[in-house]
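One structure below.
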Amino acid sequence: MLAEAVAAGVPIEAVFLAHRAAGDVAELARTACGRVHELGPGVLERVAGTVTPQPLLAIVPYLDVPLEAVVDGSFLVVCTDVRDPGNAGTVLRSAEASGADGVICCAGSVDVYNPKTVRASAGALFHVPVVAGGDADAVLARLGDHGTRRLGAVPRGGREYTEADLGGRVAIVLGNEAAGIAASVLPGVDELVSIPMAGRSDSLNVGMAAAVLCFEVARQRRLAAAR
């Protein structure tokens, strides 16, 4: 994570090294930041949020941007009421890897700076613009005003995702893990898309669904560029 932050040019405010940390870890810490604090035995283990933490911690600033910074993007991902931090991190990772111009985590979704979300993003949080907050209805209305087609992901009843036109300016809209996209949000969606299930499962985890849809956007755009 620290290496990804450095690669993204994120300013590192401070780094804390475990007792007697050495080798590549210590070198990375000192390369990343001038303020490196070496901790006493057992200190890092007591303050870290994981049972077996990595041998260093770092402090970096919040990175979210205003909606206006991404509203003109041609490929956006919108989370509405996505609550699980691991899912949110997977959404960030899939969005960044597939070339999305930004991720919007509307009010009601999990905090993008939740430690589990940050870890699950595998560094993607440092590379893709993230909007944290904003009423979902207002966000979708703003995107619509800018000519973005808003495609809502639903377990069933939508157009098969490979048949949907994902070119042009598009936003993939994701809903709650259990309840899906709220009924109050659906009027702000232009079209519904679904991923057909061949097995006994009736739906995918929202993080997995985001990955499938994001890479379909990327696939269609590669094909369009090759023509």
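Residue numbering restarts at 1 in every chain; chains get A, B, ... in the order shown in the structure tokens, and ligands count up from 1 in that same order.
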Inset, instruction - Identify, on the basis of only C-alpha atoms, every residue whose closest approach to region 189-204 of chain A does not exceed 8 Å; exclude the query and any residue fewer than 4 positions from it along the same chain; express the result as a list in words. - result: Leu140, Arg149, Arg150, Leu151, Gly152, Ala153, Val154, Pro155, Arg156, Gly157, Gly158, Arg159, Glu160, Tyr161, Ala164, Val173, Val185, Met208 and Ala209 of chain A
Inset, instruction - Go through region 83-218 of chain A and collect every residue that DSSP, computed from the backbone, puts in alpha helix (DSSP H); the answer should be as a ChimeraX atom specification. - result: /A:85-97,115-120,136-145,206-218
As a PDB file with N, CA and C atoms, in the first residue's frame, please: the residues near Ser184 (chain A) (cut-off 12 Å, only C-alpha atoms, same-chain neighbours under 6 positions excluded).
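This is the output file around-v8.pdb:
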```pdb
ATOM      1  N   THR A  80     -24.275   3.246  -4.457  1.00  0.00           N
ATOM      2  CA  THR A  80     -25.388   3.758  -3.674  1.00  0.00           C
ATOM      3  C   THR A  80     -25.715   2.739  -2.584  1.00  0.00           C
ATOM      4  N   ASP A  81     -25.408   3.084  -1.368  1.00  0.00           N
ATOM      5  CA  ASP A  81     -25.724   2.231  -0.220  1.00  0.00           C
ATOM      6  C   ASP A  81     -24.955   0.914  -0.228  1.00  0.00           C
ATOM      7  N   ASP A 135     -25.825  13.008  -1.988  1.00  0.00           N
ATOM      8  CA  ASP A 135     -27.090  12.297  -2.098  1.00  0.00           C
ATOM      9  C   ASP A 135     -27.163  11.584  -3.448  1.00  0.00           C
ATOM     10  N   ALA A 136     -27.557  10.318  -3.443  1.00  0.00           N
ATOM     11  CA  ALA A 136     -27.557   9.521  -4.673  1.00  0.00           C
ATOM     12  C   ALA A 136     -28.444  10.136  -5.747  1.00  0.00           C
ATOM     13  N   ASP A 137     -29.628  10.615  -5.368  1.00  0.00           N
ATOM     14  CA  ASP A 137     -30.532  11.208  -6.353  1.00  0.00           C
ATOM     15  C   ASP A 137     -29.895  12.433  -6.998  1.00  0.00           C
ATOM     16  N   ALA A 138     -29.271  13.266  -6.169  1.00  0.00           N
ATOM     17  CA  ALA A 138     -28.647  14.484  -6.686  1.00  0.00           C
ATOM     18  C   ALA A 138     -27.452  14.158  -7.571  1.00  0.00           C
ATOM     19  N   LEU A 140     -26.917  11.375  -9.363  1.00  0.00           N
ATOM     20  CA  LEU A 140     -27.364  10.826 -10.642  1.00  0.00           C
ATOM     21  C   LEU A 140     -27.992  11.900 -11.523  1.00  0.00           C
ATOM     22  N   GLY A 175     -25.989  -0.986  -6.221  1.00  0.00           N
ATOM     23  CA  GLY A 175     -26.837  -0.807  -5.059  1.00  0.00           C
ATOM     24  C   GLY A 175     -26.376  -1.596  -3.856  1.00  0.00           C
TER      25      GLY A 175
END
```
Inset, instruction - Tell me, as a ChimeraX atom specification, which residues lie within 12 Å of region 7-16 of chain A, counting only C-alpha atoms; anything in the same chain fewer than 6 positions away does not count. - result: /A:1,25-40,43-45,47-48,54-63,123-129
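Closest approach to Ser94 (chain A) among A:Val70, A:Val78, A:Ala210, A:Ala120 is made by A:Ala210 (distances from only C-alpha atoms).
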Test item: residues at most 9 Å from Val71 (chain A), only C-alpha atoms, excluding those fewer than 2 positions along its chain, as a PDB file with C-alpha atoms, in the first residue's frame:
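Result file is result-v5.pdb:
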```pdb
ATOM      1  CA  LEU A  67     -18.149  15.708  -7.826  1.00  0.00           C
ATOM      2  CA  GLU A  68     -17.267  18.427 -10.316  1.00  0.00           C
ATOM      3  CA  ALA A  69     -13.800  16.911 -10.679  1.00  0.00           C
ATOM      4  CA  GLY A  73     -15.612  11.555 -17.090  1.00  0.00           C
ATOM      5  CA  SER A  74     -16.675   9.108 -19.784  1.00  0.00           C
ATOM      6  CA  LEU A  76     -17.777   6.334 -13.853  1.00  0.00           C
ATOM      7  CA  GLY A 102     -13.767   8.021 -11.122  1.00  0.00           C
ATOM      8  CA  ARG A 142     -26.025  15.826 -12.061  1.00  0.00           C
ATOM      9  CA  LEU A 143     -24.537  13.068 -14.192  1.00  0.00           C
ATOM     10  CA  HIS A 146     -23.881  16.154 -18.275  1.00  0.00           C
ATOM     11  CA  THR A 148     -24.012  10.509 -18.928  1.00  0.00           C
TER      12      THR A 148
END
```
Inset, instruction - Give the strand (DSSP E) residues of region 68-125 of chain A, as assigned by DSSP on the backbone, as a PyMOL selection string. - result: chain A and resi 75-79+102-105
Dump as a PDB file, in the first residue's frame, selection limited to C-alpha atoms:
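As written to disk, again.pdb reads:
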```pdb
ATOM      1  CA  PHE A  75     -16.664   6.063 -17.471  1.00  0.00           C
ATOM      2  CA  LEU A  76     -17.777   6.334 -13.853  1.00  0.00           C
ATOM      3  CA  VAL A  77     -18.848   3.911 -11.133  1.00  0.00           C
ATOM      4  CA  VAL A  78     -21.477   5.010  -8.610  1.00  0.00           C
ATOM      5  CA  CYS A  79     -22.005   3.205  -5.292  1.00  0.00           C
ATOM      6  CA  GLY A 102     -13.767   8.021 -11.122  1.00  0.00           C
ATOM      7  CA  VAL A 103     -15.751   6.297  -8.384  1.00  0.00           C
ATOM      8  CA  ILE A 104     -18.558   8.056  -6.542  1.00  0.00           C
ATOM      9  CA  CYS A 105     -19.470   6.638  -3.128  1.00  0.00           C
TER      10      CYS A 105
END
```
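Separating CA of Ala182 (chain A) from CA of Asn87 (chain A) is a distance of 17.7 Å.
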Inset, instruction - Find the residues around Ala88 (chain A) up to 10 Å (only C-alpha atoms counted), leave out those fewer than 2 positions away in its own chain, and share them as a ChimeraX atom specification. - result: /A:79,82-86,90-94,105,109-112,114,116-118,120-121,206-207,210
Expected file contents, prior selection, N, CA and C atoms, as an mmCIF file, in the first residue's frame:
```
data_model
loop_
_atom_site.group_PDB
_atom_site.id
_atom_site.type_symbol
_atom_site.label_atom_id
_atom_site.label_comp_id
_atom_site.auth_asym_id
_atom_site.auth_seq_id
_atom_site.Cartn_x
_atom_site.Cartn_y
_atom_site.Cartn_z
ATOM 1 N N CYS A 79 -21.557 4.096 -6.361
ATOM 2 C CA CYS A 79 -22.005 3.205 -5.292
ATOM 3 C C CYS A 79 -23.124 3.877 -4.510
ATOM 4 N N VAL A 82 -23.733 0.923 -0.752
ATOM 5 C CA VAL A 82 -22.849 -0.241 -0.656
ATOM 6 C C VAL A 82 -22.226 -0.207 0.735
ATOM 7 N N ARG A 83 -22.526 -1.190 1.571
ATOM 8 C CA ARG A 83 -22.182 -1.111 2.983
ATOM 9 C C ARG A 83 -20.938 -1.890 3.398
ATOM 10 N N ASP A 84 -20.610 -2.960 2.689
ATOM 11 C CA ASP A 84 -19.500 -3.806 3.119
ATOM 12 C C ASP A 84 -18.164 -3.201 2.692
ATOM 13 N N PRO A 85 -17.233 -3.005 3.623
ATOM 14 C CA PRO A 85 -15.959 -2.369 3.256
ATOM 15 C C PRO A 85 -15.141 -3.178 2.265
ATOM 16 N N GLY A 86 -15.205 -4.517 2.369
ATOM 17 C CA GLY A 86 -14.474 -5.335 1.404
ATOM 18 C C GLY A 86 -15.033 -5.179 0.004
ATOM 19 N N THR A 90 -13.154 -3.697 -3.351
ATOM 20 C CA THR A 90 -13.125 -4.434 -4.621
ATOM 21 C C THR A 90 -13.656 -3.578 -5.761
ATOM 22 N N VAL A 91 -14.699 -2.795 -5.491
ATOM 23 C CA VAL A 91 -15.221 -1.882 -6.508
ATOM 24 C C VAL A 91 -14.138 -0.893 -6.927
ATOM 25 N N LEU A 92 -13.436 -0.315 -5.964
ATOM 26 C CA LEU A 92 -12.369 0.636 -6.272
ATOM 27 C C LEU A 92 -11.281 -0.032 -7.119
ATOM 28 N N ARG A 93 -10.917 -1.242 -6.728
ATOM 29 C CA ARG A 93 -9.854 -1.947 -7.449
ATOM 30 C C ARG A 93 -10.264 -2.264 -8.878
ATOM 31 N N SER A 94 -11.500 -2.732 -9.053
ATOM 32 C CA SER A 94 -11.983 -3.070 -10.393
ATOM 33 C C SER A 94 -12.123 -1.828 -11.260
ATOM 34 N N CYS A 105 -18.869 7.382 -4.238
ATOM 35 C CA CYS A 105 -19.470 6.638 -3.128
ATOM 36 C C CYS A 105 -20.469 7.557 -2.439
ATOM 37 N N SER A 109 -23.215 4.867 1.756
ATOM 38 C CA SER A 109 -22.248 3.806 1.496
ATOM 39 C C SER A 109 -21.167 3.834 2.571
ATOM 40 N N VAL A 110 -20.422 2.749 2.663
ATOM 41 C CA VAL A 110 -19.364 2.655 3.658
ATOM 42 C C VAL A 110 -18.301 3.729 3.403
ATOM 43 N N ASP A 111 -17.653 4.156 4.479
ATOM 44 C CA ASP A 111 -16.579 5.139 4.388
ATOM 45 C C ASP A 111 -15.441 4.578 3.531
ATOM 46 N N VAL A 112 -15.046 5.320 2.503
ATOM 47 C CA VAL A 112 -13.973 4.837 1.633
ATOM 48 C C VAL A 112 -12.643 4.745 2.375
ATOM 49 N N ASN A 114 -12.448 3.512 5.467
ATOM 50 C CA ASN A 114 -12.494 2.387 6.388
ATOM 51 C C ASN A 114 -11.241 1.539 6.147
ATOM 52 N N LYS A 116 -10.567 -1.561 6.215
ATOM 53 C CA LYS A 116 -10.787 -2.743 5.387
ATOM 54 C C LYS A 116 -10.994 -2.354 3.931
ATOM 55 N N THR A 117 -11.662 -1.229 3.698
ATOM 56 C CA THR A 117 -11.844 -0.753 2.330
ATOM 57 C C THR A 117 -10.508 -0.381 1.708
ATOM 58 N N VAL A 118 -9.693 0.336 2.473
ATOM 59 C CA VAL A 118 -8.381 0.748 1.979
ATOM 60 C C VAL A 118 -7.544 -0.475 1.619
ATOM 61 N N ALA A 120 -8.613 -3.570 0.949
ATOM 62 C CA ALA A 120 -9.213 -4.316 -0.164
ATOM 63 C C ALA A 120 -8.998 -3.620 -1.503
ATOM 64 N N SER A 121 -8.789 -2.310 -1.481
ATOM 65 C CA SER A 121 -8.551 -1.592 -2.741
ATOM 66 C C SER A 121 -7.180 -1.896 -3.320
ATOM 67 N N VAL A 206 -21.730 -7.869 -4.899
ATOM 68 C CA VAL A 206 -21.691 -6.580 -5.602
ATOM 69 C C VAL A 206 -20.280 -6.239 -6.077
ATOM 70 N N GLY A 207 -19.264 -6.646 -5.309
ATOM 71 C CA GLY A 207 -17.901 -6.401 -5.753
ATOM 72 C C GLY A 207 -17.565 -7.187 -7.002
ATOM 73 N N ALA A 210 -19.421 -5.703 -9.971
ATOM 74 C CA ALA A 210 -18.741 -4.494 -10.434
ATOM 75 C C ALA A 210 -17.566 -4.842 -11.337
#
```
Inset, instruction - Would you mind telling me which residue in A:Ala183, A:Val131, A:Val217, A:Ala122 lies nearest to Gly168 (chain A) when using only C-alpha atoms? - result: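 Smallest distance to Gly168 (chain A) is found for A:Val217.
Here CA of Ala141 (chain A) is placed at a distance of 6.4 Å from CA of Gly188 (chain A).
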